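Student: If you scroll down you'll find the structure; I have some questions about it.
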Amino acid sequence: MRDYIRLTGVLFLVCAVMAASLGYTNAITHDRIQEQIVRANDEARKEVLPDADAFEILDDNTFSKIKSNGKYYFITEIYTAKAGEEVVGYAVKVVPKGYGGAIDVVVGIGTDGIIQGIKVGNNTETPGLGKNSATPKFQNQFKGKTWDNTINVIKSGTPKDNEIAALSGATVTSRAVAEGVNQALEAARELSGK
């Protein structure tokens, strides 16, 4: 019985030291991690809308109005992209749910309703399958698509104007990204008043 109590005490002490160490590490790295996330989001916006030289986050009232209808449940951020004083598009961040969890996607949409690019960021999709959504080959399929047609995912064949080819073995991920992009397109269209 004494050994049991002693072992329990040692285990408790080891766990307490490890928990304190993890807490300390989290405290000292939290700000740096947040800075990296902000930097990655800034770079993604610049990548998907290269003509823009500034991005302004949508004001709370307009964002709430867009989100209030309930159909834009994947959208987490919308930025107005500007070149000088002229609005050149919208950078919309969506977080659809894929096979392995949330997928961060930034969509760049010009004021003409054409996708300039998408950037798939953080995700927990399966390596070698759903993780391939972050490759240029997959992302480039969305360039040039417009808000006039819903983007559909096909498993085989040659994609038409409003279609993209699913990633092999990752149809759920492909559909999730397409759903997020479709919501971004609809929101940008609503913002532009077209």
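Quick note on naming: the chains in the structure tokens go A, B, ... in the order shown, residues restart at 1 in each chain, and ligands are numbered from 1 in order of appearance.
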Within 10 Å of segment 156-165 of chain A, which residues of segment 66-140 of chain A come that close, and what is the closest atom pair and distance in Å for each? Count only C-alpha atoms and give it as JSON lines.
Tutor:
```
{"residue": "A:Phe138", "atom": "CA", "partner": "A:Ala165", "partner_atom": "CA", "distance": 8.1}
{"residue": "A:Gln139", "atom": "CA", "partner": "A:Ile164", "partner_atom": "CA", "distance": 9.6}
{"residue": "A:Asn140", "atom": "CA", "partner": "A:Ile164", "partner_atom": "CA", "distance": 9.6}
```
Student: For the contact check between segment 127-185 of chain A and segment 63-74 of chain A, emit one row per residue of segment 127-185 of chain A within 9 Å, containing the shortest atom pair and the distance in Å rounded to one decimal, counting only C-alpha atoms, chain then rising number order, as JSON lines.
Tutor:
```
{"residue": "A:Glu179", "atom": "CA", "partner": "A:Phe74", "partner_atom": "CA", "distance": 8.6}
{"residue": "A:Gly180", "atom": "CA", "partner": "A:Phe74", "partner_atom": "CA", "distance": 6.1}
{"residue": "A:Gln183", "atom": "CA", "partner": "A:Tyr72", "partner_atom": "CA", "distance": 5.9}
{"residue": "A:Ala184", "atom": "CA", "partner": "A:Tyr72", "partner_atom": "CA", "distance": 7.9}
```
Student: Using the selection just defined, write its residues with C-alpha atoms as a PDB file, in the first residue's frame.
Tutor:
```pdb
ATOM      1  CA  GLU A 179     -18.583  25.024 -50.835  1.00  0.00           C
ATOM      2  CA  GLY A 180     -16.477  27.599 -49.026  1.00  0.00           C
ATOM      3  CA  GLN A 183     -20.122  31.122 -50.201  1.00  0.00           C
ATOM      4  CA  ALA A 184     -17.286  33.613 -50.711  1.00  0.00           C
TER       5      ALA A 184
END
```
Student: Considering only strand (DSSP E) as DSSP defines it on the backbone, what residues of segment 1-183 of chain A qualify? List them as a PyMOL selection string.
Tutor: chain A and resi 54-57+75-83+86-94+103-110+115-123+152-154+163-165
Student: Would you export the selected residues with N, CA and C atoms as a CSV table (one decimal), in the first residue's frame, please?
Tutor:
```csv
chain,number,residue,atom,x,y,z
A,54,ALA,N,-3.7,47.5,-50.6
A,54,ALA,CA,-4.2,47.6,-49.2
A,54,ALA,C,-5.5,46.8,-49.0
A,55,PHE,N,-5.6,46.4,-47.8
A,55,PHE,CA,-6.8,45.6,-47.5
A,55,PHE,C,-7.4,46.2,-46.2
A,56,GLU,N,-8.7,46.4,-46.3
A,56,GLU,CA,-9.5,47.0,-45.2
A,56,GLU,C,-10.5,46.0,-44.7
A,57,ILE,N,-10.5,45.6,-43.5
A,57,ILE,CA,-11.5,44.7,-43.0
A,57,ILE,C,-12.9,45.3,-43.0
A,75,ILE,N,-18.0,31.8,-43.6
A,75,ILE,CA,-17.2,33.0,-43.7
A,75,ILE,C,-16.9,33.5,-42.3
A,76,THR,N,-15.5,33.8,-42.2
A,76,THR,CA,-15.1,34.4,-40.9
A,76,THR,C,-14.5,35.8,-41.0
A,77,GLU,N,-14.1,36.2,-42.2
A,77,GLU,CA,-13.5,37.5,-42.4
A,77,GLU,C,-13.8,37.9,-43.9
A,78,ILE,N,-14.0,39.2,-44.0
A,78,ILE,CA,-14.1,39.8,-45.4
A,78,ILE,C,-13.3,41.1,-45.4
A,79,TYR,N,-12.4,41.2,-46.4
A,79,TYR,CA,-11.6,42.4,-46.5
A,79,TYR,C,-11.9,43.0,-47.9
A,80,THR,N,-12.0,44.4,-47.9
A,80,THR,CA,-12.1,45.1,-49.2
A,80,THR,C,-10.7,45.3,-49.7
A,81,ALA,N,-10.4,44.9,-50.9
A,81,ALA,CA,-9.1,45.1,-51.5
A,81,ALA,C,-9.1,46.4,-52.3
A,82,LYS,N,-8.0,47.2,-52.1
A,82,LYS,CA,-8.0,48.5,-52.8
A,82,LYS,C,-6.6,48.6,-53.5
A,83,ALA,N,-6.7,49.3,-54.7
A,83,ALA,CA,-5.5,49.8,-55.4
A,83,ALA,C,-5.6,51.3,-55.4
A,86,GLU,N,-9.3,53.0,-55.2
A,86,GLU,CA,-10.2,52.2,-56.0
A,86,GLU,C,-10.4,50.8,-55.4
A,87,VAL,N,-11.6,50.3,-55.2
A,87,VAL,CA,-11.9,49.0,-54.8
A,87,VAL,C,-11.7,48.0,-55.9
A,88,VAL,N,-10.8,47.1,-55.8
A,88,VAL,CA,-10.5,46.1,-56.9
A,88,VAL,C,-11.0,44.7,-56.6
A,89,GLY,N,-11.5,44.5,-55.4
A,89,GLY,CA,-12.1,43.2,-55.1
A,89,GLY,C,-12.3,43.0,-53.6
A,90,TYR,N,-12.5,41.7,-53.3
A,90,TYR,CA,-12.7,41.3,-51.9
A,90,TYR,C,-11.9,40.0,-51.6
A,91,ALA,N,-11.3,40.0,-50.4
A,91,ALA,CA,-10.6,38.8,-49.9
A,91,ALA,C,-11.5,38.3,-48.8
A,92,VAL,N,-12.0,37.1,-49.1
A,92,VAL,CA,-12.9,36.5,-48.2
A,92,VAL,C,-12.3,35.2,-47.6
A,93,LYS,N,-12.3,35.2,-46.2
A,93,LYS,CA,-11.8,34.0,-45.6
A,93,LYS,C,-12.9,33.1,-45.2
A,94,VAL,N,-12.9,31.8,-45.6
A,94,VAL,CA,-13.9,30.9,-45.3
A,94,VAL,C,-13.2,29.7,-44.6
A,103,ILE,N,-10.9,23.8,-42.6
A,103,ILE,CA,-9.9,24.1,-43.7
A,103,ILE,C,-9.9,25.6,-43.8
A,104,ASP,N,-8.8,26.3,-43.6
A,104,ASP,CA,-8.7,27.7,-43.8
A,104,ASP,C,-8.5,28.0,-45.3
A,105,VAL,N,-9.4,28.8,-45.9
A,105,VAL,CA,-9.3,29.2,-47.3
A,105,VAL,C,-9.5,30.7,-47.5
A,106,VAL,N,-8.6,31.3,-48.2
A,106,VAL,CA,-8.8,32.7,-48.5
A,106,VAL,C,-9.1,32.8,-50.0
A,107,VAL,N,-10.2,33.5,-50.4
A,107,VAL,CA,-10.6,33.6,-51.7
A,107,VAL,C,-10.5,35.1,-52.2
A,108,GLY,N,-9.8,35.3,-53.3
A,108,GLY,CA,-9.7,36.6,-53.9
A,108,GLY,C,-10.6,36.8,-55.0
A,109,ILE,N,-11.6,37.7,-54.9
A,109,ILE,CA,-12.6,37.9,-56.0
A,109,ILE,C,-12.5,39.4,-56.4
A,110,GLY,N,-12.4,39.5,-57.7
A,110,GLY,CA,-12.4,40.9,-58.3
A,110,GLY,C,-13.8,41.5,-58.3
A,115,ILE,N,-12.8,35.0,-59.8
A,115,ILE,CA,-11.8,34.6,-58.8
A,115,ILE,C,-10.4,34.9,-59.4
A,116,GLN,N,-9.7,35.6,-58.6
A,116,GLN,CA,-8.3,35.9,-59.0
A,116,GLN,C,-7.4,34.8,-58.4
A,117,GLY,N,-7.8,34.1,-57.3
A,117,GLY,CA,-7.0,33.1,-56.8
A,117,GLY,C,-7.6,32.6,-55.4
A,118,ILE,N,-7.2,31.4,-55.0
A,118,ILE,CA,-7.5,31.0,-53.7
A,118,ILE,C,-6.3,30.5,-53.0
A,119,LYS,N,-6.3,30.5,-51.7
A,119,LYS,CA,-5.1,30.0,-50.9
A,119,LYS,C,-5.7,29.1,-49.8
A,120,VAL,N,-5.3,27.9,-49.8
A,120,VAL,CA,-5.7,26.9,-48.8
A,120,VAL,C,-4.6,27.0,-47.7
A,121,GLY,N,-5.0,27.3,-46.5
A,121,GLY,CA,-4.0,27.4,-45.4
A,121,GLY,C,-4.1,26.2,-44.4
A,122,ASN,N,-4.2,26.6,-43.2
A,122,ASN,CA,-4.2,25.6,-42.1
A,122,ASN,C,-5.3,24.6,-42.3
A,123,ASN,N,-5.0,23.3,-42.2
A,123,ASN,CA,-6.0,22.2,-42.2
A,123,ASN,C,-5.4,21.0,-41.6
A,152,ASN,N,-19.1,23.3,-59.1
A,152,ASN,CA,-19.4,21.9,-58.7
A,152,ASN,C,-18.1,21.1,-58.8
A,153,VAL,N,-18.1,20.0,-58.1
A,153,VAL,CA,-16.9,19.1,-58.0
A,153,VAL,C,-17.3,17.8,-58.8
A,154,ILE,N,-16.4,17.4,-59.7
A,154,ILE,CA,-16.6,16.2,-60.5
A,154,ILE,C,-15.4,15.2,-60.1
A,163,GLU,N,-16.9,23.8,-63.1
A,163,GLU,CA,-16.5,22.6,-62.4
A,163,GLU,C,-15.0,22.6,-62.1
A,164,ILE,N,-14.7,21.8,-61.1
A,164,ILE,CA,-13.3,21.5,-60.8
A,164,ILE,C,-13.2,20.0,-60.6
A,165,ALA,N,-12.0,19.5,-60.8
A,165,ALA,CA,-11.8,18.0,-60.6
A,165,ALA,C,-11.4,17.8,-59.2
```
Student: Quick check, in Å to one decimal: how far apart do atom CA of Asn182 of chain A and atom CA of Gly84 of chain A lie?
Tutor: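 Going from atom CA of Asn182 of chain A over to atom CA of Gly84 of chain A covers 27.9 Å.
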Student: Expressed in Å to a single decimal, how great is the separation between atom CA of Asp31 of chain A and atom CA of Ser133 of chain A?
Tutor: 28.4 Å
